[in-house]
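Asks: Provided below: model_14.cif, containing mmCIF, C-alpha atoms.
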data_data
#
loop_
_atom_site.label_atom_id
_atom_site.label_comp_id
_atom_site.auth_asym_id
_atom_site.auth_seq_id
_atom_site.Cartn_x
_atom_site.Cartn_y
_atom_site.Cartn_z
CA MET A 171 -311.33 92.04 20.02
CA ARG A 172 -313.01 88.66 20.40
CA LEU A 173 -311.85 87.63 16.92
CA PHE A 174 -308.29 88.56 17.81
CA PHE A 175 -308.51 86.45 20.98
CA PHE A 176 -309.66 83.34 19.08
CA ILE A 177 -306.92 83.79 16.48
CA LEU A 178 -304.31 84.09 19.23
CA LEU A 179 -305.72 81.05 21.03
CA PHE A 180 -305.52 79.03 17.80
CA PHE A 181 -301.84 79.72 17.24
CA VAL A 182 -300.92 79.19 20.90
CA SER A 183 -302.73 75.84 21.07
CA LYS A 184 -301.13 74.80 17.79
CA ASN A 185 -297.64 75.50 19.14
CA LEU A 186 -298.41 73.65 22.36
CA PHE A 187 -299.12 70.45 20.43
CA ALA A 188 -296.37 70.99 17.86
CA SER A 189 -293.06 69.27 18.62
CA ASP A 190 -289.79 69.31 16.75
CA LEU A 191 -287.13 66.67 16.23
CA THR A 192 -285.49 67.38 19.60
CA PHE A 193 -288.56 66.27 21.55
CA TYR A 194 -288.98 62.93 19.80
CA VAL A 195 -285.27 62.06 19.83
CA ASP A 196 -285.16 62.89 23.54
CA GLN A 197 -288.13 60.58 24.19
CA ALA A 198 -286.45 57.74 22.31
CA HIS A 199 -283.21 58.42 24.18
CA LYS A 200 -284.98 58.12 27.53
CA ASN A 201 -287.38 55.24 26.84
CA ASN A 202 -285.54 52.89 24.47
CA PRO A 203 -285.27 49.51 26.30
CA LYS A 204 -282.09 48.47 24.52
CA LEU A 205 -280.41 51.75 25.43
CA ASN A 206 -281.54 51.55 29.06
CA ALA A 207 -280.26 47.98 29.24
CA GLU A 208 -276.86 49.15 28.00
CA ARG A 209 -276.82 51.86 30.69
CA GLU A 210 -277.35 49.21 33.36
CA ASN A 211 -274.63 47.09 31.76
CA LEU A 212 -272.21 50.02 32.05
CA LYS A 213 -272.94 50.30 35.79
CA ALA A 214 -272.39 46.56 36.22
CA ILE A 215 -269.09 46.61 34.30
CA LYS A 216 -267.88 49.55 36.40
CA GLU A 217 -268.12 47.40 39.52
CA ASN A 218 -265.43 45.11 38.04
CA ILE A 219 -262.91 47.86 38.79
CA ASN A 220 -263.71 47.71 42.50
CA ILE A 221 -263.64 43.92 42.38
CA SER A 222 -260.16 43.91 40.83
CA LYS A 223 -258.97 46.48 43.41
CA SER A 224 -259.93 44.11 46.21
CA GLU A 225 -257.11 41.75 45.17
CA PHE A 226 -254.59 44.28 46.55
CA LEU A 227 -256.34 44.85 49.88
CA PRO A 228 -256.27 42.63 52.99
CA SER A 229 -259.23 40.40 53.77
CA LEU A 230 -260.64 40.14 57.28
CA THR A 231 -262.64 37.14 58.50
CA LEU A 232 -264.40 36.84 61.83
CA SER A 233 -265.70 33.46 62.97
CA GLY A 234 -267.18 31.93 66.08
CA THR A 235 -268.41 28.51 67.13
CA GLN A 236 -270.30 27.21 70.11
CA GLU A 237 -270.51 23.49 70.76
CA SER A 238 -272.44 21.57 73.37
CA SER A 239 -272.25 17.76 73.72
CA GLN A 240 -273.39 15.18 76.29
CA SER A 241 -272.29 11.56 76.73
CA TYR A 242 -274.49 9.11 78.68
CA ASN A 243 -275.02 5.34 79.18
CA ARG A 244 -271.29 4.88 79.31
CA THR A 245 -269.66 1.66 80.49
CA ASN A 246 -266.08 0.57 80.93
CA GLN A 247 -264.44 -2.67 79.76
CA SER A 248 -265.67 -4.58 82.82
CA GLY A 249 -269.24 -3.55 82.09
CA SER A 250 -269.56 -1.16 84.98
CA THR A 251 -271.51 2.06 84.47
CA VAL A 252 -269.50 5.23 84.08
CA ALA A 253 -270.84 8.65 85.04
CA ASP A 254 -272.34 10.79 82.30
CA ILE A 255 -270.32 13.80 81.15
CA SER A 256 -271.20 17.01 79.31
CA SER A 257 -269.00 19.38 77.35
CA ASP A 258 -269.50 23.02 76.38
CA LYS A 259 -266.98 24.68 74.06
CA GLU A 260 -266.83 28.19 72.67
CA THR A 261 -264.35 29.51 70.08
CA LYS A 262 -263.83 33.00 68.68
CA SER A 263 -261.28 33.84 65.99
CA VAL A 264 -260.14 36.63 63.70
CA LYS A 265 -258.13 36.05 60.53
CA ILE A 266 -256.35 38.53 58.25
CA ASP A 267 -254.94 37.56 54.83
CA GLN A 268 -252.78 39.79 52.65
CA LYS A 269 -251.56 38.83 49.18
CA ILE A 270 -248.02 40.04 48.60
CA PHE A 271 -247.23 38.87 45.08
CA GLN A 272 -249.34 37.15 42.39
CA GLY A 273 -247.02 37.24 39.41
CA PHE A 274 -248.65 40.53 38.22
CA GLN A 275 -251.98 38.73 37.86
CA GLY A 276 -253.71 41.35 40.03
CA VAL A 277 -252.17 44.26 38.12
CA ASN A 278 -253.24 42.88 34.75
CA SER A 279 -256.74 42.11 36.07
CA TYR A 280 -257.05 45.69 37.29
CA LYS A 281 -255.95 47.08 33.91
CA LYS A 282 -258.31 44.68 32.14
CA SER A 283 -261.27 45.89 34.21
CA HIS A 284 -260.53 49.48 33.17
CA LEU A 285 -260.37 48.44 29.52
CA GLU A 286 -263.69 46.60 29.86
CA PHE A 287 -265.25 49.72 31.36
CA GLU A 288 -264.01 51.83 28.43
CA LYS A 289 -265.41 49.23 26.03
CA ALA A 290 -268.79 49.37 27.80
CA LYS A 291 -268.83 53.15 27.38
CA PHE A 292 -268.25 52.83 23.65
CA GLN A 293 -270.94 50.14 23.44
CA LEU A 294 -273.34 52.56 25.13
CA LYS A 295 -272.29 55.30 22.71
CA LYS A 296 -272.87 52.97 19.77
CA ILE A 297 -276.43 52.18 20.92
CA GLU A 298 -277.07 55.88 21.63
CA GLN A 299 -276.01 56.77 18.10
CA GLU A 300 -278.21 54.04 16.65
CA THR A 301 -281.18 55.31 18.67
CA ILE A 302 -280.67 58.92 17.60
CA LEU A 303 -280.12 57.95 13.96
CA ASN A 304 -283.23 55.75 13.85
CA SER A 305 -285.28 58.54 15.46
CA VAL A 306 -284.08 61.03 12.86
CA ILE A 307 -284.86 58.61 10.03
CA VAL A 308 -288.44 57.90 11.16
CA TYR A 309 -289.06 61.61 11.88
CA TYR A 310 -288.07 62.85 8.43
CA ASP A 311 -289.58 59.81 6.74
CA LEU A 312 -292.89 60.62 8.44
CA ILE A 313 -292.69 64.19 7.14
CA PHE A 314 -292.02 62.88 3.63
CA LYS A 315 -294.90 60.38 3.83
CA PHE A 316 -297.27 63.18 4.89
CA GLU A 317 -296.08 65.32 1.97
CA ASN A 318 -296.40 62.38 -0.40
CA GLU A 319 -299.98 61.79 0.77
CA ASN A 320 -300.79 65.49 0.34
CA PHE A 321 -299.30 65.60 -3.16
CA ASN A 322 -301.33 62.57 -4.24
CA SER A 323 -304.49 63.93 -2.58
CA SER A 324 -304.12 67.24 -4.44
CA ASN A 325 -303.53 65.31 -7.66
CA VAL A 326 -306.76 63.37 -7.18
CA ASN A 327 -308.66 66.64 -6.57
CA LEU A 328 -307.24 68.13 -9.78
CA PHE A 329 -308.25 65.10 -11.85
CA GLU A 330 -311.71 65.08 -10.30
CA ARG A 331 -312.20 68.68 -11.41
CA GLN A 332 -310.77 67.87 -14.83
CA VAL A 333 -313.19 64.95 -15.29
CA GLU A 334 -316.10 67.23 -14.40
CA SER A 335 -314.80 69.89 -16.78
CA ASP A 336 -314.22 67.37 -19.59
CA ARG A 337 -317.74 66.02 -19.24
CA ALA A 338 -319.09 69.52 -19.70
CA ARG A 339 -316.78 70.12 -22.66
CA LEU A 340 -317.83 66.81 -24.20
CA GLN A 341 -321.46 67.92 -24.16
CA LYS A 342 -320.44 71.13 -25.93
CA GLY A 343 -318.49 69.14 -28.50
CA GLU A 344 -315.12 70.69 -27.60
CA ILE A 345 -313.52 67.28 -26.93
CA ASN A 346 -314.31 63.71 -27.89
CA LEU A 347 -315.08 60.62 -25.82
CA THR A 348 -311.47 59.46 -25.98
CA ASP A 349 -310.31 62.59 -24.17
CA LEU A 350 -312.85 62.02 -21.40
CA ALA A 351 -311.77 58.38 -21.09
CA GLN A 352 -308.14 59.49 -20.69
CA SER A 353 -309.15 61.85 -17.87
CA GLU A 354 -311.20 59.17 -16.11
CA SER A 355 -308.35 56.67 -16.45
CA SER A 356 -305.92 59.18 -14.98
CA LEU A 357 -308.31 59.83 -12.08
CA ALA A 358 -308.46 56.09 -11.34
CA GLY A 359 -304.66 55.86 -11.43
CA ALA A 360 -304.32 58.91 -9.16
CA SER A 361 -306.79 57.37 -6.68
CA ALA A 362 -304.77 54.15 -6.62
CA ASN A 363 -301.58 56.12 -5.95
CA LEU A 364 -303.34 57.97 -3.13
CA ILE A 365 -304.35 54.69 -1.50
CA LYS A 366 -300.74 53.51 -1.77
CA ALA A 367 -299.48 56.75 -0.23
CA GLN A 368 -301.97 56.46 2.65
CA THR A 369 -300.87 52.88 3.31
CA GLU A 370 -297.22 53.93 3.37
CA LEU A 371 -298.12 56.74 5.77
CA LEU A 372 -299.76 54.29 8.19
CA ALA A 373 -296.67 52.06 8.08
CA SER A 374 -294.45 55.08 8.71
CA LYS A 375 -296.54 56.09 11.73
CA SER A 376 -296.24 52.59 13.18
CA GLU A 377 -292.46 52.60 12.73
CA PHE A 378 -292.27 56.09 14.25
CA GLN A 379 -294.06 54.91 17.38
CA ARG A 380 -291.88 51.81 17.66
CA ILE A 381 -288.66 53.81 17.55
CA THR A 382 -289.60 56.92 19.59
CA ARG A 383 -292.02 55.21 22.02
CA VAL A 384 -294.37 58.15 21.39
CA GLU A 385 -297.58 58.23 19.37
CA ALA A 386 -297.00 59.60 15.89
CA PRO A 387 -298.16 63.23 15.53
CA GLU A 388 -300.33 64.65 12.80
CA ASN A 389 -298.85 66.56 9.90
CA GLU A 390 -299.53 70.03 11.29
CA ASN A 391 -297.69 69.17 14.52
CA LEU A 392 -294.43 68.23 12.80
CA LEU A 393 -291.90 71.03 12.73
CA LYS A 394 -289.08 71.23 10.20
CA LYS A 395 -286.42 72.68 12.44
CA PRO A 396 -283.34 73.91 10.55
CA LEU A 397 -280.28 72.06 11.82
CA ASN A 398 -276.78 73.52 11.85
CA ILE A 399 -274.76 70.33 11.44
CA SER A 400 -270.98 70.64 11.35
CA LEU A 401 -269.40 68.18 8.90
CA PRO A 402 -265.84 67.75 7.58
CA LYS A 403 -264.87 69.67 4.45
CA ASP A 404 -263.37 66.70 2.64
CA PHE A 405 -263.26 62.90 2.73
CA LYS A 406 -259.72 62.77 4.12
CA SER A 407 -260.75 64.76 7.18
CA ALA A 408 -263.83 62.58 7.62
CA LEU A 409 -261.73 59.43 7.53
CA GLU A 410 -259.31 60.77 10.13
CA ILE A 411 -262.18 61.60 12.49
CA ALA A 412 -263.73 58.15 11.99
CA LYS A 413 -260.44 56.46 12.84
CA LYS A 414 -260.39 58.30 16.18
CA ASN A 415 -264.07 58.27 17.17
CA ASN A 416 -265.98 55.48 15.41
CA PRO A 417 -267.47 53.36 18.26
CA LYS A 418 -267.24 50.07 16.40
CA LEU A 419 -263.55 50.65 15.67
CA MET A 420 -262.87 51.72 19.26
CA ILE A 421 -264.60 48.57 20.54
CA GLY A 422 -262.45 46.45 18.21
CA LYS A 423 -259.27 48.11 19.50
CA LEU A 424 -260.32 47.60 23.11
CA ASP A 425 -261.17 43.94 22.43
CA ALA A 426 -257.61 43.45 21.17
CA MET A 427 -256.17 45.17 24.25
CA ILE A 428 -258.38 43.12 26.59
CA ALA A 429 -257.28 39.89 24.89
CA GLU A 430 -253.66 40.96 25.42
CA LYS A 431 -254.30 41.44 29.15
CA GLU A 432 -256.03 38.05 29.37
CA PHE A 433 -252.94 36.49 27.78
CA ALA A 434 -250.75 38.19 30.41
CA ILE A 435 -253.04 37.00 33.20
CA GLU A 436 -252.79 33.38 32.06
CA LYS A 437 -248.99 33.61 31.89
CA SER A 438 -248.84 35.09 35.39
CA LYS A 439 -250.62 32.00 36.76
CA LEU A 440 -247.34 30.11 36.25
CA SER A 441 -245.52 32.53 38.55
CA PRO A 442 -245.05 32.00 42.30
CA THR A 443 -247.43 33.69 44.73
CA ALA A 444 -246.73 34.94 48.24
CA SER A 445 -249.10 35.85 51.05
CA ILE A 446 -249.10 36.60 54.79
CA ASN A 447 -251.72 35.29 57.18
CA TYR A 448 -252.37 36.36 60.74
CA SER A 449 -254.95 34.72 63.01
CA LYS A 450 -255.97 34.98 66.64
CA SER A 451 -258.37 32.65 68.41
CA ASP A 452 -259.94 32.45 71.86
CA SER A 453 -261.25 29.03 73.02
CA ARG A 454 -263.15 28.16 76.18
CA ASP A 455 -263.98 24.67 77.40
CA PHE A 456 -266.18 24.77 80.46
CA SER A 457 -265.85 21.04 81.13
CA SER A 458 -262.06 20.54 81.03
CA SER A 459 -259.29 21.42 83.41
CA ILE A 460 -258.04 24.09 80.99
CA ASP A 461 -261.05 26.29 80.52
CA GLU A 462 -259.47 29.03 78.35
CA ASN A 463 -256.89 29.01 75.55
CA ASN A 464 -255.70 32.03 73.52
CA GLN A 465 -253.64 31.44 70.37
CA GLU A 466 -251.98 33.79 67.83
CA THR A 467 -250.50 32.62 64.54
CA LEU A 468 -248.47 34.48 61.90
CA LYS A 469 -247.81 32.56 58.71
CA ALA A 470 -245.98 33.44 55.49
CA GLU A 471 -246.81 31.22 52.54
CA ILE A 472 -245.27 30.82 49.07
CA ASN A 473 -246.84 28.71 46.32
CA TRP A 474 -245.45 27.93 42.87
CA PRO A 475 -247.69 25.89 40.56
CA ILE A 476 -245.57 23.60 38.39
CA ILE A 477 -247.88 21.09 36.71
CA LYS A 478 -251.67 21.00 36.68
CA GLY A 479 -252.15 18.19 34.23
CA GLY A 480 -251.43 20.54 31.31
CA LYS A 481 -254.32 22.87 32.15
CA ASN A 482 -252.13 25.93 32.75
CA PHE A 483 -250.21 25.58 29.46
CA SER A 484 -253.40 24.96 27.49
CA SER A 485 -254.98 28.07 29.06
CA ILE A 486 -252.01 30.12 27.88
CA LYS A 487 -252.29 28.75 24.34
CA LYS A 488 -256.03 29.45 24.35
CA ALA A 489 -255.47 33.06 25.42
CA LYS A 490 -252.76 33.47 22.76
CA HIS A 491 -255.09 32.24 20.01
CA LYS A 492 -257.83 34.55 21.25
CA LYS A 493 -255.39 37.47 21.14
CA LEU A 494 -254.44 36.66 17.54
CA LYS A 495 -258.13 36.34 16.64
CA ASN A 496 -258.93 39.81 17.99
CA ASP A 497 -255.93 41.30 16.18
CA LEU A 498 -257.23 39.89 12.89
CA LEU A 499 -260.77 41.06 13.61
CA LEU A 500 -259.45 44.55 14.32
CA LYS A 501 -257.88 44.73 10.86
CA ASP A 502 -261.20 43.67 9.32
CA ILE A 503 -263.08 46.29 11.34
CA GLU A 504 -260.62 48.98 10.22
CA ASN A 505 -261.29 48.10 6.58
CA GLU A 506 -265.04 48.01 7.23
CA VAL A 507 -265.01 51.45 8.87
CA ASN A 508 -262.98 52.90 5.98
CA THR A 509 -265.48 51.52 3.47
CA SER A 510 -268.54 52.59 5.48
CA THR A 511 -267.15 56.10 5.91
CA ALA A 512 -266.45 56.34 2.18
CA ASN A 513 -269.99 55.18 1.39
CA ALA A 514 -271.51 57.64 3.86
CA TRP A 515 -269.45 60.50 2.42
CA SER A 516 -270.39 59.59 -1.15
CA THR A 517 -274.08 59.34 -0.24
CA TYR A 518 -273.92 62.77 1.41
CA GLN A 519 -272.26 64.36 -1.61
CA SER A 520 -274.64 62.74 -4.10
CA SER A 521 -277.66 63.73 -1.96
CA LYS A 522 -276.66 67.39 -2.25
CA SER A 523 -276.42 67.12 -6.02
CA ILE A 524 -279.72 65.24 -6.30
CA LEU A 525 -281.55 67.87 -4.22
CA LYS A 526 -280.19 70.62 -6.43
CA SER A 527 -281.36 68.77 -9.54
CA THR A 528 -284.84 68.03 -8.14
CA LYS A 529 -285.32 71.70 -7.26
CA SER A 530 -284.60 72.66 -10.87
CA GLN A 531 -286.84 69.80 -12.03
CA LEU A 532 -289.70 70.99 -9.81
CA GLN A 533 -289.37 74.60 -10.91
CA ALA A 534 -289.47 73.63 -14.59
CA ALA A 535 -292.39 71.23 -14.05
CA GLU A 536 -294.44 73.93 -12.28
CA ILE A 537 -293.87 76.40 -15.11
CA ALA A 538 -294.67 73.82 -17.78
CA ASN A 539 -297.81 72.59 -16.03
CA GLU A 540 -299.13 76.11 -15.51
CA GLY A 541 -298.62 77.01 -19.19
CA ILE A 542 -300.09 73.76 -20.56
CA THR A 543 -303.13 73.99 -18.26
CA LEU A 544 -303.85 77.60 -19.31
CA GLU A 545 -303.53 76.68 -22.98
CA TYR A 546 -305.81 73.65 -22.52
CA ASP A 547 -308.46 75.67 -20.69
CA SER A 548 -308.39 78.38 -23.36
CA GLY A 549 -309.22 75.79 -26.04
CA SER A 550 -305.90 75.82 -27.87
CA THR A 551 -304.23 72.84 -29.55
CA ARG A 552 -303.21 71.31 -26.21
CA THR A 553 -304.81 67.90 -25.73
CA THR A 554 -306.03 66.08 -22.63
CA LEU A 555 -303.02 63.81 -22.87
CA ASP A 556 -300.73 66.86 -22.69
CA VAL A 557 -302.37 67.98 -19.45
CA ILE A 558 -302.24 64.48 -17.95
CA GLN A 559 -298.55 64.09 -18.79
CA SER A 560 -297.81 67.56 -17.42
CA ARG A 561 -299.52 66.82 -14.12
CA ALA A 562 -297.79 63.45 -13.84
CA LEU A 563 -294.42 65.15 -14.33
CA LEU A 564 -295.29 67.79 -11.73
CA LEU A 565 -296.39 65.16 -9.20
CA ASN A 566 -293.21 63.15 -9.71
CA ALA A 567 -291.10 66.32 -9.41
CA ARG A 568 -292.75 67.25 -6.11
CA ILE A 569 -292.30 63.75 -4.69
CA ASP A 570 -288.69 63.53 -5.90
CA ASN A 571 -287.86 66.92 -4.38
CA ALA A 572 -289.43 66.05 -1.01
CA LYS A 573 -287.63 62.70 -1.02
CA ALA A 574 -284.33 64.41 -1.87
CA GLU A 575 -284.78 66.81 1.07
CA ARG A 576 -285.36 63.86 3.39
CA ASP A 577 -282.42 61.88 1.99
CA LEU A 578 -280.01 64.81 2.37
CA VAL A 579 -280.81 65.29 6.06
CA ILE A 580 -280.58 61.57 6.76
CA SER A 581 -277.28 61.30 4.85
CA LYS A 582 -275.80 63.98 7.12
CA PHE A 583 -276.79 62.06 10.24
CA LYS A 584 -275.52 58.77 8.80
CA LEU A 585 -272.17 60.42 8.14
CA LEU A 586 -272.10 61.73 11.72
CA ASP A 587 -272.87 58.21 12.92
CA GLN A 588 -269.86 56.85 11.04
CA LEU A 589 -267.65 59.62 12.39
CA GLY A 590 -268.73 58.86 15.97
CA ASN A 591 -269.92 62.46 16.44
CA LEU A 592 -273.68 61.84 16.60
CA SER A 593 -275.13 62.99 19.92
CA LEU A 594 -278.05 64.92 21.37
CA ASN A 595 -275.95 68.10 21.23
CA VAL A 596 -276.10 67.98 17.43
CA ILE A 597 -279.91 68.22 17.51
CA ASN A 598 -280.22 70.55 20.48
#
Taking this structure as input, can you express it in the form of C-alpha cells?

Replies:
Amino acid sequence: MRLFFFILLFFVSKNLFASDLTFYVDQAHKNNPKLNAERENLKAIKENINISKSEFLPSLTLSGTQESSQSYNRTNQSGSTVADISSDKETKSVKIDQKIFQGFQGVNSYKKSHLEFEKAKFQLKKIEQETILNSVIVYYDLIFKFENENFNSSNVNLFERQVESDRARLQKGEINLTDLAQSESSLAGASANLIKAQTELLASKSEFQRITRVEAPENENLLKKPLNISLPKDFKSALEIAKKNNPKLMIGKLDAMIAEKEFAIEKSKLSPTASINYSKSDSRDFSSSIDENNQETLKAEINWPIIKGGKNFSSIKKAKHKKLKNDLLLKDIENEVNTSTANAWSTYQSSKSILKSTKSQLQAAEIANEGITLEYDSGSTRTTLDVIQSRALLLNARIDNAKAERDLVISKFKLLDQLGNLSLNVIN
C-alpha cells in the first residue's frame, strides 16, 4: 500500500510541474512588453474617435473675472490734489460655439479616426501572431535540443562501452591496436559532439526564457501535445485566405485609405466654414453710476480662406504625393504577401515529405545497426569501422528525424501566420 502511494505521488507531482505549449504561449501573450505596449497604443488610438466626434458637438465656455484697482496721489492740471478713487469690477460670462459647416473636414477626420483604429487592431494582431509564433518556435526547438543532447549522450555511452570491450578483446587477440584506436577516436568525436549539443541546449534555454518570460523547464516537464491544426487543402485556397486576413496586407490597405482621407481633409481646408456663437455676460462695477450690465450676443460667422502664402496648396500637393506613395507601397506589399505565402506553403509541403523520409531512414538505420552490432559481438567478419559507421548513421538518422518533426510543426504555424489565422484558439 505504501509503495502504491509513493508511485501515485510521483506521477501526480510530475504532472503538476509538467506544462504544455498552451501554458508557455499564454505566459508570453500576457507578459511580452512589445505586445502590452501595442495594447496600450490601441486604447490611445481609440480615443481619436471621440476626439473627432467632438468637432460636431457644441463647445461651452464659462469665464469670470474680478478686478480691483485704486488710484491715489492724483493732481489736476493746476497742480491741485484730487481725491483718491477705487474701482471694483466683476464679470461673469457664458459662451457657446457650434460649427455648422467645415467643408466636410470633420466628416473625413471622423472616418480617418475609424480607419486608424482598425489599423491599430491589425497592428496588435500582427504582434500577437509574432509572439505566438516565436513561442512555438522556441518551445519545439527546446524539445529538439533536449532530444539532440540525449541522442549524443547515449552515443557517448555506447562508445565508452565499446572502448572497454575492445580493450578486453585486444588482450585476447581478437582485434588489433588499429581497431582500438578507431574506437577511441570515435569516443573523442562523440564527446565533442555532446559538448556542442549541450552548448546549443543552453542557448536554446536562454532564448526560451527571453521569448516566454518564463524559466525554461527541464526535459521531463515538456509535453508534446498533439495539435489539431486546420490548414487549407491547396495553395490557391491559402492565397485567397492570406489576401483577406494577412495583417501586413490589411495594414497596407488601411494606410492607403487613411492617406486618401488625409488628402480629402487638406482639400476641405479650402472650403468655406460657418459657425454660430452665442454669449451672455453679467458685469458689475461697484464704483460707477451704472453698477450692473447684462449683455447677450448671437453671432453667425462665415470664413473662406483664399490665400495663405501658398501653404494650403502645398499641403494638398503633399497629401496627394503621400496618397500615391501608399498606393505604390500597397502593390509591393501584395506581391510580398503572395511570395511569402508561396514560400510558407512550399516549406510546409516539403517538411511533410522530409519527415516521411527521415522516418524511413531511421527505421532502416536501427535495423542495420542492430544487425551489424550483433555480428560484431559474435566475432564475425564485421570490423570496428563497420560498427562506428553504423552508429554514426543511426545517430544522424535520429537527429534528422527529430529535427524534421520540429520543422513540420513550425512550418504549420508559419503558414498560419502568413494566412492571418494564428491565434491562441489554435493552440487551446

Asks: Of the candidates A:Leu227, A:Tyr518, A:Ser356, A:Leu578, which shows the shortest atom-to-atom distance to Lys403 (chain A), using only C-alpha atoms?

Replies: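 The closest residue to Lys403 (chain A) is A:Tyr518.
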
Asks: How many Å lie between CA of Leu401 (chain A) and CA of Leu592 (chain A), rounded to one decimal?

Replies: 10.9 Å

Asks: Nearest residue to Ser530 (chain A) out of A:Asn571, A:Val579, A:Asn206, A:Asp547, using only C-alpha atoms?

Replies: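 Of the candidates, the smallest distance to Ser530 (chain A) is held by A:Asn571.
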
Asks: Which residues fall under the PyMOL selection byres ((chain A and resi 290) around 9) in this file, as a PDB file with C-alpha atoms, keeping the file's coordinate frame?

Replies:
ATOM      1  CA  GLU A 208    -276.860  49.150  28.000  1.00  0.00           C
ATOM      2  CA  ARG A 209    -276.820  51.860  30.690  1.00  0.00           C
ATOM      3  CA  ASN A 211    -274.630  47.090  31.760  1.00  0.00           C
ATOM      4  CA  LEU A 212    -272.210  50.020  32.050  1.00  0.00           C
ATOM      5  CA  ILE A 215    -269.090  46.610  34.300  1.00  0.00           C
ATOM      6  CA  LYS A 216    -267.880  49.550  36.400  1.00  0.00           C
ATOM      7  CA  LEU A 285    -260.370  48.440  29.520  1.00  0.00           C
ATOM      8  CA  GLU A 286    -263.690  46.600  29.860  1.00  0.00           C
ATOM      9  CA  PHE A 287    -265.250  49.720  31.360  1.00  0.00           C
ATOM     10  CA  GLU A 288    -264.010  51.830  28.430  1.00  0.00           C
ATOM     11  CA  LYS A 289    -265.410  49.230  26.030  1.00  0.00           C
ATOM     12  CA  LYS A 291    -268.830  53.150  27.380  1.00  0.00           C
ATOM     13  CA  PHE A 292    -268.250  52.830  23.650  1.00  0.00           C
ATOM     14  CA  GLN A 293    -270.940  50.140  23.440  1.00  0.00           C
ATOM     15  CA  LEU A 294    -273.340  52.560  25.130  1.00  0.00           C
ATOM     16  CA  LYS A 295    -272.290  55.300  22.710  1.00  0.00           C
ATOM     17  CA  ILE A 421    -264.600  48.570  20.540  1.00  0.00           C
TER      18      ILE A 421
END

Asks: Ile537 (chain A): which residues within 10 Å, counting all atoms listed in the file, same-chain residues fewer than 5 positions away excluded, as a compact mmCIF listing (two decimals) with C-alpha atoms, in the frame of the given file?

Replies:
# COMPACT_ATOMS: atom_id res chain seq x y z
CA LEU A 532 -289.70 70.99 -9.81
CA ILE A 542 -300.09 73.76 -20.56
CA SER A 560 -297.81 67.56 -17.42
CA LEU A 564 -295.29 67.79 -11.73

Asks: Within 7 Å of (-261.4, 25.8, 74.4) in the file's own coordinates, which protein, DNA or RNA residues have an atom, counting all atoms listed in the file? List them as a PyMOL selection string.

Replies: chain A and resi 259-261+453-455+461-463

Asks: Using all atoms listed in the file, pick whichever of A:Asp349, A:Asp587, A:Glu385, A:Asp556 has the shortest atom-to-atom distance to Lys418 (chain A).

Replies: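 The answer is A:Asp587, which sits nearest to Lys418 (chain A).
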
Asks: Extract, using all atoms listed in the file, all DNA, RNA and protein residues at most 10 Å from Glu430 (chain A), discarding same-chain residues fewer than 5 positions from it, and format them as a list in words.

Replies: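 In the requested format, the answer is Asn278, Lys282, Leu424, Asp425, Ile435, Ala489, Lys490, Lys492, Lys493, Leu494, Asn496 and Asp497 of chain A.
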
Asks: Please list, as a list in words, the residues that have an atom at most 12 Å away from (-247.3, 32.7, 41.5) in the coordinates of this file, counting all atoms listed in the file.

Replies: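 The answer, in the requested form, is Lys269, Ile270, Phe271, Gln272, Gly273, Phe274, Gln275, Gly276, Ile435, Glu436, Lys437, Ser438, Lys439, Leu440, Ser441, Pro442, Thr443, Ala444, Ser445, Glu471, Ile472, Asn473, Trp474, Pro475 and Ile476 of chain A.
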
Asks: Could you please determine the separation between CA of Lys395 (chain A) and CA of Leu409 (chain A) in Å, to one decimal place?

Replies: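 Distance between the two atoms: 28.4 Å.
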
Asks: I'd like the contact shell of Asn218 (chain A) - 8 Å cut-off, all atoms listed in the file, skipping same-chain residues fewer than 4 positions apart - returned as a list in words.

Replies: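 My list of contacting residues is Ala214, Ser222 and Ser283 of chain A.
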
Asks: Output C-alpha atoms of each residue in that selection to a file, as a PDB file, in the frame of the given file.

Replies:
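Result file result-v3.pdb:
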ATOM      1  CA  ALA A 214    -272.390  46.560  36.220  1.00  0.00           C
ATOM      2  CA  SER A 222    -260.160  43.910  40.830  1.00  0.00           C
ATOM      3  CA  SER A 283    -261.270  45.890  34.210  1.00  0.00           C
TER       4      SER A 283
END

Asks: Go through A:Asn201, A:Val308, A:Phe583, A:Ser451 and flag the residue nearest Ser233 (chain A), using only C-alpha atoms for the distances.

Replies: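 Closest residue, counting only C-alpha atoms: A:Ser451.
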
Asks: What is the CA of Ser305 (chain A) to CA of Tyr194 (chain A) distance in Å?

Replies: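 Atom-to-atom, CA of Ser305 (chain A) and CA of Tyr194 (chain A) are spaced 7.2 Å apart.
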
Asks: Determine the nearest neighbour of Ala253 (chain A) from the options A:Gln240, A:Thr517, A:Lys204, A:His199, counting only C-alpha atoms.

Replies: A:Gln240

Asks: Within 10 Å of Ser239 (chain A), counting only C-alpha atoms, which residues qualify if same-chain residues fewer than 4 places away don't, as a PyMOL selection string?

Replies: chain A and resi 255-259

Asks: Apply the PyMOL selection byres ((chain A and resi 568) around 10) to the structure shown and report the selected residues as an NGL selection string.

Replies: :A and (317-318 or 321-322 or 528-529 or 531-533 or 535-536 or 562-567 or 569-574)

Asks: Name the residues captured by the PyMOL selection byres ((chain A and resi 362-373) around 10) when it is applied to the shown file; answer as a PyMOL selection string.

Replies: chain A and resi 311-326+356-361+374-378+386

Asks: So, with only C-alpha atoms as the atoms that count, which of A:Lys582, A:Arg576, A:Lys394, A:His491 lies closest to Thr511 (chain A)?

Replies: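 Once distances to Thr511 (chain A) are computed over only C-alpha atoms, the minimum belongs to A:Lys582.
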
Asks: Using only C-alpha atoms, which protein or nucleic acid residues come within 10 Å of Gly590 (chain A)? Drop anything in the same chain fewer than 3 positions from it, and give the result as a CSV table (one decimal) with C-alpha atoms, keeping the file's coordinate frame.

Replies:
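Result written to selection-v8.csv:
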chain,number,residue,atom,x,y,z
A,292,PHE,CA,-268.2,52.8,23.6
A,295,LYS,CA,-272.3,55.3,22.7
A,296,LYS,CA,-272.9,53.0,19.8
A,299,GLN,CA,-276.0,56.8,18.1
A,411,ILE,CA,-262.2,61.6,12.5
A,412,ALA,CA,-263.7,58.2,12.0
A,413,LYS,CA,-260.4,56.5,12.8
A,414,LYS,CA,-260.4,58.3,16.2
A,415,ASN,CA,-264.1,58.3,17.2
A,416,ASN,CA,-266.0,55.5,15.4
A,417,PRO,CA,-267.5,53.4,18.3
A,418,LYS,CA,-267.2,50.1,16.4
A,419,LEU,CA,-263.6,50.6,15.7
A,420,MET,CA,-262.9,51.7,19.3
A,584,LYS,CA,-275.5,58.8,8.8
A,585,LEU,CA,-272.2,60.4,8.1
A,586,LEU,CA,-272.1,61.7,11.7
A,587,ASP,CA,-272.9,58.2,12.9
A,593,SER,CA,-275.1,63.0,19.9
